[in-house]
>>> print(open('coords_25.txt').read())   # compact mmCIF, N, CA and C atoms
# COMPACT_ATOMS: atom_id res chain seq x y z
N MET N 1 -31.35 32.39 -1.87
CA MET N 1 -30.38 33.44 -2.05
C MET N 1 -29.69 33.23 -3.41
N THR N 2 -29.43 34.31 -4.09
CA THR N 2 -28.73 34.22 -5.38
C THR N 2 -27.23 34.22 -5.16
N LYS N 3 -26.51 33.83 -6.20
CA LYS N 3 -25.05 33.82 -6.14
C LYS N 3 -24.51 35.23 -5.87
N THR N 4 -25.09 36.22 -6.53
CA THR N 4 -24.66 37.61 -6.34
C THR N 4 -24.90 38.06 -4.90
N GLU N 5 -26.06 37.76 -4.36
CA GLU N 5 -26.38 38.12 -2.97
C GLU N 5 -25.43 37.42 -2.00
N PHE N 6 -25.12 36.16 -2.28
CA PHE N 6 -24.22 35.38 -1.42
C PHE N 6 -22.82 36.01 -1.40
N ILE N 7 -22.30 36.32 -2.57
CA ILE N 7 -20.96 36.91 -2.65
C ILE N 7 -20.93 38.27 -1.96
N HIS N 8 -21.98 39.05 -2.11
CA HIS N 8 -22.07 40.35 -1.42
C HIS N 8 -22.06 40.14 0.10
N MET N 9 -22.82 39.17 0.59
CA MET N 9 -22.85 38.87 2.02
C MET N 9 -21.46 38.48 2.52
N LEU N 10 -20.77 37.64 1.75
CA LEU N 10 -19.42 37.22 2.15
C LEU N 10 -18.49 38.43 2.27
N MET N 11 -18.56 39.32 1.31
CA MET N 11 -17.70 40.51 1.33
C MET N 11 -17.98 41.34 2.58
N GLN N 12 -19.26 41.51 2.92
CA GLN N 12 -19.63 42.30 4.10
C GLN N 12 -19.15 41.65 5.39
N GLU N 13 -19.10 40.32 5.41
CA GLU N 13 -18.70 39.59 6.61
C GLU N 13 -17.19 39.33 6.67
N GLY N 14 -16.46 39.75 5.63
CA GLY N 14 -15.01 39.58 5.63
C GLY N 14 -14.53 38.20 5.24
N TYR N 15 -15.35 37.47 4.50
CA TYR N 15 -14.97 36.13 4.03
C TYR N 15 -14.27 36.23 2.68
N PRO N 16 -13.36 35.29 2.39
CA PRO N 16 -12.69 35.29 1.08
C PRO N 16 -13.64 34.85 -0.04
N ASP N 17 -13.19 35.05 -1.27
CA ASP N 17 -13.97 34.60 -2.43
C ASP N 17 -14.27 33.12 -2.30
N PRO N 18 -15.48 32.70 -2.66
CA PRO N 18 -15.84 31.28 -2.54
C PRO N 18 -15.24 30.44 -3.65
N VAL N 19 -15.14 29.15 -3.37
CA VAL N 19 -14.71 28.16 -4.36
C VAL N 19 -15.87 27.22 -4.62
N GLU N 20 -15.91 26.67 -5.82
CA GLU N 20 -16.96 25.72 -6.19
C GLU N 20 -16.56 24.33 -5.73
N VAL N 21 -17.50 23.64 -5.09
CA VAL N 21 -17.28 22.29 -4.58
C VAL N 21 -18.36 21.38 -5.16
N GLN N 22 -17.94 20.24 -5.69
CA GLN N 22 -18.90 19.27 -6.21
C GLN N 22 -18.67 17.93 -5.52
N ARG N 23 -19.76 17.30 -5.08
CA ARG N 23 -19.69 16.00 -4.42
C ARG N 23 -20.52 15.00 -5.22
N GLU N 24 -20.11 13.75 -5.16
CA GLU N 24 -20.69 12.68 -5.97
C GLU N 24 -22.11 12.29 -5.52
N PRO N 25 -22.91 11.78 -6.46
CA PRO N 25 -24.25 11.31 -6.13
C PRO N 25 -24.22 10.24 -5.04
N ARG N 26 -25.13 10.39 -4.10
CA ARG N 26 -25.32 9.43 -3.00
C ARG N 26 -24.06 9.17 -2.18
N GLY N 27 -23.14 10.11 -2.21
CA GLY N 27 -21.92 9.99 -1.41
C GLY N 27 -22.16 10.44 0.01
N SER N 28 -21.15 10.26 0.85
CA SER N 28 -21.27 10.69 2.23
C SER N 28 -19.89 10.84 2.85
N LEU N 29 -19.85 11.57 3.94
CA LEU N 29 -18.65 11.69 4.77
C LEU N 29 -19.09 11.44 6.21
N ASP N 30 -18.37 10.56 6.89
CA ASP N 30 -18.65 10.31 8.30
C ASP N 30 -18.31 11.55 9.12
N GLU N 31 -18.65 11.49 10.38
CA GLU N 31 -18.44 12.66 11.24
C GLU N 31 -16.99 13.13 11.19
N HIS N 32 -16.84 14.45 11.02
CA HIS N 32 -15.53 15.08 10.95
C HIS N 32 -15.72 16.56 11.28
N SER N 33 -14.63 17.28 11.34
CA SER N 33 -14.68 18.73 11.54
C SER N 33 -13.56 19.37 10.73
N HIS N 34 -13.57 20.69 10.66
CA HIS N 34 -12.58 21.44 9.89
C HIS N 34 -11.98 22.54 10.76
N PRO N 35 -10.72 22.90 10.51
CA PRO N 35 -10.11 23.99 11.28
C PRO N 35 -10.46 25.36 10.71
N PHE N 36 -11.63 25.50 10.15
CA PHE N 36 -12.10 26.76 9.58
C PHE N 36 -13.62 26.79 9.69
N GLU N 37 -14.18 28.00 9.61
CA GLU N 37 -15.62 28.13 9.52
C GLU N 37 -15.98 28.31 8.06
N VAL N 38 -17.20 27.96 7.71
CA VAL N 38 -17.58 27.99 6.30
C VAL N 38 -19.03 28.44 6.13
N TYR N 39 -19.23 29.26 5.11
CA TYR N 39 -20.56 29.56 4.60
C TYR N 39 -20.62 28.94 3.22
N ALA N 40 -21.75 28.32 2.89
CA ALA N 40 -21.90 27.70 1.58
C ALA N 40 -23.28 27.98 1.01
N LEU N 41 -23.32 28.15 -0.30
CA LEU N 41 -24.57 28.36 -1.05
C LEU N 41 -24.75 27.17 -1.98
N ILE N 42 -25.87 26.49 -1.86
CA ILE N 42 -26.16 25.34 -2.72
C ILE N 42 -26.57 25.86 -4.10
N LEU N 43 -25.89 25.34 -5.13
CA LEU N 43 -26.20 25.72 -6.51
C LEU N 43 -27.04 24.67 -7.22
N ASP N 44 -26.77 23.39 -6.92
CA ASP N 44 -27.47 22.29 -7.60
C ASP N 44 -27.42 21.06 -6.71
N GLY N 45 -28.46 20.23 -6.79
CA GLY N 45 -28.52 19.01 -5.98
C GLY N 45 -28.89 19.33 -4.55
N ASP N 46 -28.51 18.44 -3.64
CA ASP N 46 -28.80 18.69 -2.23
C ASP N 46 -27.79 17.99 -1.34
N ILE N 47 -27.70 18.50 -0.11
CA ILE N 47 -26.80 17.96 0.90
C ILE N 47 -27.55 17.90 2.22
N GLU N 48 -27.34 16.82 2.93
CA GLU N 48 -27.89 16.68 4.28
C GLU N 48 -26.73 16.79 5.25
N LEU N 49 -26.85 17.69 6.22
CA LEU N 49 -25.85 17.83 7.27
C LEU N 49 -26.45 17.31 8.57
N ILE N 50 -25.68 16.53 9.29
CA ILE N 50 -26.11 16.01 10.58
C ILE N 50 -25.16 16.57 11.64
N ILE N 51 -25.73 17.36 12.55
CA ILE N 51 -24.97 18.01 13.61
C ILE N 51 -25.64 17.70 14.94
N GLU N 52 -24.89 17.06 15.84
CA GLU N 52 -25.41 16.69 17.16
C GLU N 52 -26.73 15.93 17.04
N GLY N 53 -26.81 15.02 16.08
CA GLY N 53 -28.00 14.19 15.91
C GLY N 53 -29.15 14.85 15.17
N GLU N 54 -29.01 16.13 14.86
CA GLU N 54 -30.05 16.87 14.14
C GLU N 54 -29.70 16.94 12.66
N SER N 55 -30.67 16.61 11.81
CA SER N 55 -30.46 16.56 10.37
C SER N 55 -31.16 17.74 9.70
N ALA N 56 -30.47 18.32 8.69
CA ALA N 56 -31.07 19.38 7.89
C ALA N 56 -30.64 19.17 6.45
N VAL N 57 -31.59 19.36 5.52
CA VAL N 57 -31.31 19.20 4.10
C VAL N 57 -31.30 20.58 3.45
N TYR N 58 -30.28 20.83 2.63
CA TYR N 58 -30.12 22.10 1.94
C TYR N 58 -30.19 21.87 0.44
N LYS N 59 -30.96 22.74 -0.23
CA LYS N 59 -31.23 22.63 -1.67
C LYS N 59 -30.84 23.93 -2.36
N PRO N 60 -30.90 23.99 -3.69
CA PRO N 60 -30.49 25.20 -4.40
C PRO N 60 -31.12 26.48 -3.82
N GLY N 61 -30.24 27.46 -3.60
CA GLY N 61 -30.66 28.73 -3.03
C GLY N 61 -30.50 28.81 -1.53
N ASP N 62 -30.34 27.65 -0.87
CA ASP N 62 -30.14 27.62 0.58
C ASP N 62 -28.67 27.88 0.90
N ILE N 63 -28.43 28.47 2.08
CA ILE N 63 -27.07 28.60 2.58
C ILE N 63 -26.96 27.85 3.90
N PHE N 64 -25.74 27.37 4.18
CA PHE N 64 -25.49 26.79 5.49
C PHE N 64 -24.19 27.34 6.04
N TYR N 65 -24.08 27.27 7.36
CA TYR N 65 -22.89 27.73 8.07
C TYR N 65 -22.43 26.61 8.98
N LEU N 66 -21.12 26.40 9.01
CA LEU N 66 -20.51 25.47 9.97
C LEU N 66 -19.41 26.22 10.70
N GLY N 67 -19.41 26.13 12.01
CA GLY N 67 -18.35 26.75 12.80
C GLY N 67 -17.07 25.93 12.74
N ALA N 68 -15.97 26.57 13.05
CA ALA N 68 -14.69 25.88 13.09
C ALA N 68 -14.75 24.75 14.12
N TYR N 69 -14.24 23.61 13.73
CA TYR N 69 -14.16 22.41 14.58
C TYR N 69 -15.54 21.86 14.97
N GLU N 70 -16.60 22.25 14.28
CA GLU N 70 -17.94 21.75 14.58
C GLU N 70 -18.11 20.35 13.97
N PRO N 71 -18.25 19.31 14.81
CA PRO N 71 -18.41 17.96 14.27
C PRO N 71 -19.71 17.84 13.48
N HIS N 72 -19.61 17.21 12.31
CA HIS N 72 -20.79 17.02 11.46
C HIS N 72 -20.52 15.88 10.49
N SER N 73 -21.59 15.32 9.94
CA SER N 73 -21.47 14.35 8.86
C SER N 73 -22.29 14.87 7.70
N GLU N 74 -22.02 14.32 6.51
CA GLU N 74 -22.65 14.82 5.28
C GLU N 74 -23.17 13.65 4.45
N ARG N 75 -24.31 13.89 3.80
CA ARG N 75 -24.86 12.94 2.82
C ARG N 75 -25.31 13.75 1.62
N TYR N 76 -25.01 13.24 0.43
CA TYR N 76 -25.34 13.94 -0.80
C TYR N 76 -26.49 13.25 -1.49
N GLY N 77 -27.35 14.03 -2.13
CA GLY N 77 -28.55 13.51 -2.78
C GLY N 77 -28.25 12.65 -4.00
N LYS N 78 -29.33 12.17 -4.61
CA LYS N 78 -29.21 11.23 -5.74
C LYS N 78 -28.49 11.85 -6.93
N GLU N 79 -28.40 13.18 -6.98
CA GLU N 79 -27.70 13.84 -8.07
C GLU N 79 -26.41 14.49 -7.59
N GLY N 80 -26.02 14.19 -6.36
CA GLY N 80 -24.85 14.85 -5.78
C GLY N 80 -25.20 16.26 -5.35
N VAL N 81 -24.18 17.07 -5.18
CA VAL N 81 -24.40 18.46 -4.78
C VAL N 81 -23.28 19.32 -5.36
N LEU N 82 -23.64 20.53 -5.73
CA LEU N 82 -22.69 21.53 -6.19
C LEU N 82 -22.95 22.77 -5.35
N TYR N 83 -21.89 23.29 -4.72
CA TYR N 83 -22.07 24.49 -3.90
C TYR N 83 -20.85 25.39 -3.94
N LEU N 84 -21.07 26.65 -3.58
CA LEU N 84 -20.00 27.61 -3.40
C LEU N 84 -19.68 27.65 -1.92
N ALA N 85 -18.40 27.57 -1.57
CA ALA N 85 -18.00 27.57 -0.18
C ALA N 85 -16.92 28.62 0.07
N SER N 86 -17.11 29.42 1.11
CA SER N 86 -16.10 30.37 1.53
C SER N 86 -15.64 29.97 2.92
N ARG N 87 -14.35 29.70 3.02
CA ARG N 87 -13.79 29.20 4.28
C ARG N 87 -12.90 30.27 4.91
N ARG N 88 -13.10 30.45 6.21
CA ARG N 88 -12.28 31.42 6.95
C ARG N 88 -11.58 30.69 8.07
N SER N 89 -10.26 30.73 8.04
CA SER N 89 -9.44 30.04 9.04
C SER N 89 -9.64 30.66 10.41
N VAL N 90 -9.54 29.84 11.44
CA VAL N 90 -9.66 30.36 12.80
C VAL N 90 -8.53 31.35 13.10
N ASP N 91 -7.42 31.25 12.36
CA ASP N 91 -6.31 32.19 12.52
C ASP N 91 -6.68 33.57 12.03
N ASP N 92 -7.70 33.67 11.15
CA ASP N 92 -8.13 34.94 10.59
C ASP N 92 -9.20 35.64 11.41
N LEU N 93 -9.68 34.98 12.47
CA LEU N 93 -10.77 35.56 13.27
C LEU N 93 -10.25 36.60 14.25
>>> encode(input="coords_25.txt", output="structure tokens")
Amino acid sequence: MTKTEFIHMLMQEGYPDPVEVQREPRGSLDEHSHPFEVYALILDGDIELIIEGESAVYKPGDIFYLGAYEPHSERYGKEGVLYLASRRSVDDL
């Protein structure tokens, strides 16, 4: 998916403008959750998300979705990861 297509999708779904997020090479976050749901578009590098023991790797052009309070852990590739993220608070649902 392109950046333009992603932003158009967010607008149609009622999500706010995305912010750019960059994570360090070979970094990680242990299991955690957020009080918001998020759609993200990978721009550069890669990220591995582990949800309920299932692992998925996302690369440039891929999008991922995480539900509010969904426990997950993250691992970033050898070059880190750069992505656009649009977060919608559970209060906005």
>>> residues_around(input="coords_25.txt", residues="range 45-62 of chain N", least_positions_apart="3", cutoff="5 Å", atoms="all atoms listed in the file", output="short mmCIF file (atom, residue, chain, number, x, y, z; two decimals) with N, CA and C atoms, in the frame of the given file")
data_model
loop_
_atom_site.label_atom_id
_atom_site.label_comp_id
_atom_site.auth_asym_id
_atom_site.auth_seq_id
_atom_site.Cartn_x
_atom_site.Cartn_y
_atom_site.Cartn_z
N MET N 1 -31.35 32.39 -1.87
CA MET N 1 -30.38 33.44 -2.05
C MET N 1 -29.69 33.23 -3.41
N LEU N 41 -23.32 28.15 -0.30
CA LEU N 41 -24.57 28.36 -1.05
C LEU N 41 -24.75 27.17 -1.98
N ILE N 42 -25.87 26.49 -1.86
CA ILE N 42 -26.16 25.34 -2.72
C ILE N 42 -26.57 25.86 -4.10
N HIS N 72 -19.61 17.21 12.31
CA HIS N 72 -20.79 17.02 11.46
C HIS N 72 -20.52 15.88 10.49
N SER N 73 -21.59 15.32 9.94
CA SER N 73 -21.47 14.35 8.86
C SER N 73 -22.29 14.87 7.70
N GLU N 74 -22.02 14.32 6.51
CA GLU N 74 -22.65 14.82 5.28
C GLU N 74 -23.17 13.65 4.45
N ARG N 75 -24.31 13.89 3.80
CA ARG N 75 -24.86 12.94 2.82
C ARG N 75 -25.31 13.75 1.62
N TYR N 76 -25.01 13.24 0.43
CA TYR N 76 -25.34 13.94 -0.80
C TYR N 76 -26.49 13.25 -1.49
N GLY N 77 -27.35 14.03 -2.13
CA GLY N 77 -28.55 13.51 -2.78
C GLY N 77 -28.25 12.65 -4.00
N GLY N 80 -26.02 14.19 -6.36
CA GLY N 80 -24.85 14.85 -5.78
C GLY N 80 -25.20 16.26 -5.35
N VAL N 81 -24.18 17.07 -5.18
CA VAL N 81 -24.40 18.46 -4.78
C VAL N 81 -23.28 19.32 -5.36
N LEU N 82 -23.64 20.53 -5.73
CA LEU N 82 -22.69 21.53 -6.19
C LEU N 82 -22.95 22.77 -5.35
#
>>> atom_distance(input="coords_25.txt", atom1="atom N of Glu31 in chain N", atom2="CA of Pro18 in chain N")
23.8 Å
>>> closest_residue(input="coords_25.txt", among="N:Ser89, N:Tyr39, N:Lys78, N:Val21", to="Tyr65 in chain N", atoms="only N, CA and C atoms")
N:Tyr39
>>> atom_distance(input="coords_25.txt", atom1="atom C of Gly14 in chain N", atom2="atom C of Arg87 in chain N")
8.1 Å
>>> select_by_dssp(input="coords_25.txt", residues="chain N", states="alpha helix (DSSP H)", output="JSON, numbers by chain")
{"N": [3, 4, 5, 6, 7, 8, 9, 10, 11, 12, 13]}
>>> atom_distance(input="coords_25.txt", atom1="CA of Ala68 in chain N", atom2="CA of Ser33 in chain N")
7.3 Å
>>> axis_aligned_box(input="coords_25.txt", around="range 76-89 of chain N", padding_each_side="3 Å", output="JSON")
{"center_x": -19.4, "center_y": 21.3, "center_z": 1.2, "size_x": 25.9, "size_y": 26.2, "size_z": 24.5}
>>> closest_residue(input="coords_25.txt", among="N:Gln12, N:Leu84, N:Glu79, N:Phe6", to="Arg26 in chain N", atoms="only N, CA and C atoms")
N:Glu79
>>> select_by_dssp(input="coords_25.txt", residues="range 22-58 of chain N", states="strand (DSSP E or B)", output="PDB file with N, CA and C atoms, in the frame of the given file")
ATOM      1  N   GLN N  22     -17.940  20.240  -5.690  1.00  0.00           N
ATOM      2  CA  GLN N  22     -18.900  19.270  -6.210  1.00  0.00           C
ATOM      3  C   GLN N  22     -18.670  17.930  -5.520  1.00  0.00           C
ATOM      4  N   ARG N  23     -19.760  17.300  -5.080  1.00  0.00           N
ATOM      5  CA  ARG N  23     -19.690  16.000  -4.420  1.00  0.00           C
ATOM      6  C   ARG N  23     -20.520  15.000  -5.220  1.00  0.00           C
ATOM      7  N   SER N  28     -21.150  10.260   0.850  1.00  0.00           N
ATOM      8  CA  SER N  28     -21.270  10.690   2.230  1.00  0.00           C
ATOM      9  C   SER N  28     -19.890  10.840   2.850  1.00  0.00           C
ATOM     10  N   LEU N  29     -19.850  11.570   3.940  1.00  0.00           N
ATOM     11  CA  LEU N  29     -18.650  11.690   4.770  1.00  0.00           C
ATOM     12  C   LEU N  29     -19.090  11.440   6.210  1.00  0.00           C
ATOM     13  N   ASP N  30     -18.370  10.560   6.890  1.00  0.00           N
ATOM     14  CA  ASP N  30     -18.650  10.310   8.300  1.00  0.00           C
ATOM     15  C   ASP N  30     -18.310  11.550   9.120  1.00  0.00           C
ATOM     16  N   GLU N  31     -18.650  11.490  10.380  1.00  0.00           N
ATOM     17  CA  GLU N  31     -18.440  12.660  11.240  1.00  0.00           C
ATOM     18  C   GLU N  31     -16.990  13.130  11.190  1.00  0.00           C
ATOM     19  N   HIS N  32     -16.840  14.450  11.020  1.00  0.00           N
ATOM     20  CA  HIS N  32     -15.530  15.080  10.950  1.00  0.00           C
ATOM     21  C   HIS N  32     -15.720  16.560  11.280  1.00  0.00           C
ATOM     22  N   PHE N  36     -11.630  25.500  10.150  1.00  0.00           N
ATOM     23  CA  PHE N  36     -12.100  26.760   9.580  1.00  0.00           C
ATOM     24  C   PHE N  36     -13.620  26.790   9.690  1.00  0.00           C
ATOM     25  N   GLU N  37     -14.180  28.000   9.610  1.00  0.00           N
ATOM     26  CA  GLU N  37     -15.620  28.130   9.520  1.00  0.00           C
ATOM     27  C   GLU N  37     -15.980  28.310   8.060  1.00  0.00           C
ATOM     28  N   VAL N  38     -17.200  27.960   7.710  1.00  0.00           N
ATOM     29  CA  VAL N  38     -17.580  27.990   6.300  1.00  0.00           C
ATOM     30  C   VAL N  38     -19.030  28.440   6.130  1.00  0.00           C
ATOM     31  N   TYR N  39     -19.230  29.260   5.110  1.00  0.00           N
ATOM     32  CA  TYR N  39     -20.560  29.560   4.600  1.00  0.00           C
ATOM     33  C   TYR N  39     -20.620  28.940   3.220  1.00  0.00           C
ATOM     34  N   ALA N  40     -21.750  28.320   2.890  1.00  0.00           N
ATOM     35  CA  ALA N  40     -21.900  27.700   1.580  1.00  0.00           C
ATOM     36  C   ALA N  40     -23.280  27.980   1.010  1.00  0.00           C
ATOM     37  N   LEU N  41     -23.320  28.150  -0.300  1.00  0.00           N
ATOM     38  CA  LEU N  41     -24.570  28.360  -1.050  1.00  0.00           C
ATOM     39  C   LEU N  41     -24.750  27.170  -1.980  1.00  0.00           C
ATOM     40  N   ILE N  42     -25.870  26.490  -1.860  1.00  0.00           N
ATOM     41  CA  ILE N  42     -26.160  25.340  -2.720  1.00  0.00           C
ATOM     42  C   ILE N  42     -26.570  25.860  -4.100  1.00  0.00           C
ATOM     43  N   LEU N  43     -25.890  25.340  -5.130  1.00  0.00           N
ATOM     44  CA  LEU N  43     -26.200  25.720  -6.510  1.00  0.00           C
ATOM     45  C   LEU N  43     -27.040  24.670  -7.220  1.00  0.00           C
ATOM     46  N   ASP N  44     -26.770  23.390  -6.920  1.00  0.00           N
ATOM     47  CA  ASP N  44     -27.470  22.290  -7.600  1.00  0.00           C
ATOM     48  C   ASP N  44     -27.420  21.060  -6.710  1.00  0.00           C
ATOM     49  N   GLY N  45     -28.460  20.230  -6.790  1.00  0.00           N
ATOM     50  CA  GLY N  45     -28.520  19.010  -5.980  1.00  0.00           C
ATOM     51  C   GLY N  45     -28.890  19.330  -4.550  1.00  0.00           C
ATOM     52  N   ASP N  46     -28.510  18.440  -3.640  1.00  0.00           N
ATOM     53  CA  ASP N  46     -28.800  18.690  -2.230  1.00  0.00           C
ATOM     54  C   ASP N  46     -27.790  17.990  -1.340  1.00  0.00           C
ATOM     55  N   ILE N  47     -27.700  18.500  -0.110  1.00  0.00           N
ATOM     56  CA  ILE N  47     -26.800  17.960   0.900  1.00  0.00           C
ATOM     57  C   ILE N  47     -27.550  17.900   2.220  1.00  0.00           C
ATOM     58  N   GLU N  48     -27.340  16.820   2.930  1.00  0.00           N
ATOM     59  CA  GLU N  48     -27.890  16.680   4.280  1.00  0.00           C
ATOM     60  C   GLU N  48     -26.730  16.790   5.250  1.00  0.00           C
ATOM     61  N   LEU N  49     -26.850  17.690   6.220  1.00  0.00           N
ATOM     62  CA  LEU N  49     -25.850  17.830   7.270  1.00  0.00           C
ATOM     63  C   LEU N  49     -26.450  17.310   8.570  1.00  0.00           C
ATOM     64  N   ILE N  50     -25.680  16.530   9.290  1.00  0.00           N
ATOM     65  CA  ILE N  50     -26.110  16.010  10.580  1.00  0.00           C
ATOM     66  C   ILE N  50     -25.160  16.570  11.640  1.00  0.00           C
ATOM     67  N   ILE N  51     -25.730  17.360  12.550  1.00  0.00           N
ATOM     68  CA  ILE N  51     -24.970  18.010  13.610  1.00  0.00           C
ATOM     69  C   ILE N  51     -25.640  17.700  14.940  1.00  0.00           C
ATOM     70  N   GLU N  54     -29.010  16.130  14.860  1.00  0.00           N
ATOM     71  CA  GLU N  54     -30.050  16.870  14.140  1.00  0.00           C
ATOM     72  C   GLU N  54     -29.700  16.940  12.660  1.00  0.00           C
ATOM     73  N   SER N  55     -30.670  16.610  11.810  1.00  0.00           N
ATOM     74  CA  SER N  55     -30.460  16.560  10.370  1.00  0.00           C
ATOM     75  C   SER N  55     -31.160  17.740   9.700  1.00  0.00           C
ATOM     76  N   ALA N  56     -30.470  18.320   8.690  1.00  0.00           N
ATOM     77  CA  ALA N  56     -31.070  19.380   7.890  1.00  0.00           C
ATOM     78  C   ALA N  56     -30.640  19.170   6.450  1.00  0.00           C
ATOM     79  N   VAL N  57     -31.590  19.360   5.520  1.00  0.00           N
ATOM     80  CA  VAL N  57     -31.310  19.200   4.100  1.00  0.00           C
ATOM     81  C   VAL N  57     -31.300  20.580   3.450  1.00  0.00           C
ATOM     82  N   TYR N  58     -30.280  20.830   2.630  1.00  0.00           N
ATOM     83  CA  TYR N  58     -30.120  22.100   1.940  1.00  0.00           C
ATOM     84  C   TYR N  58     -30.190  21.870   0.440  1.00  0.00           C
TER      85      TYR N  58
END
>>> residues_around(input="coords_25.txt", residues="Asp17 in chain N", least_positions_apart="5", cutoff="8 Å", atoms="only N, CA and C atoms", output="JSON, numbers by chain")
{"N": [7, 10, 11, 84, 85, 86, 87]}
>>> closest_residue(input="coords_25.txt", among="N:Gly27, N:Glu13, N:Lys3, N:His34", to="Pro71 in chain N", atoms="all atoms listed in the file")
N:His34
>>> closest_residue(input="coords_25.txt", among="N:Leu29, N:Met9, N:Val19, N:Ala40", to="Phe64 in chain N", atoms="all atoms listed in the file")
N:Ala40
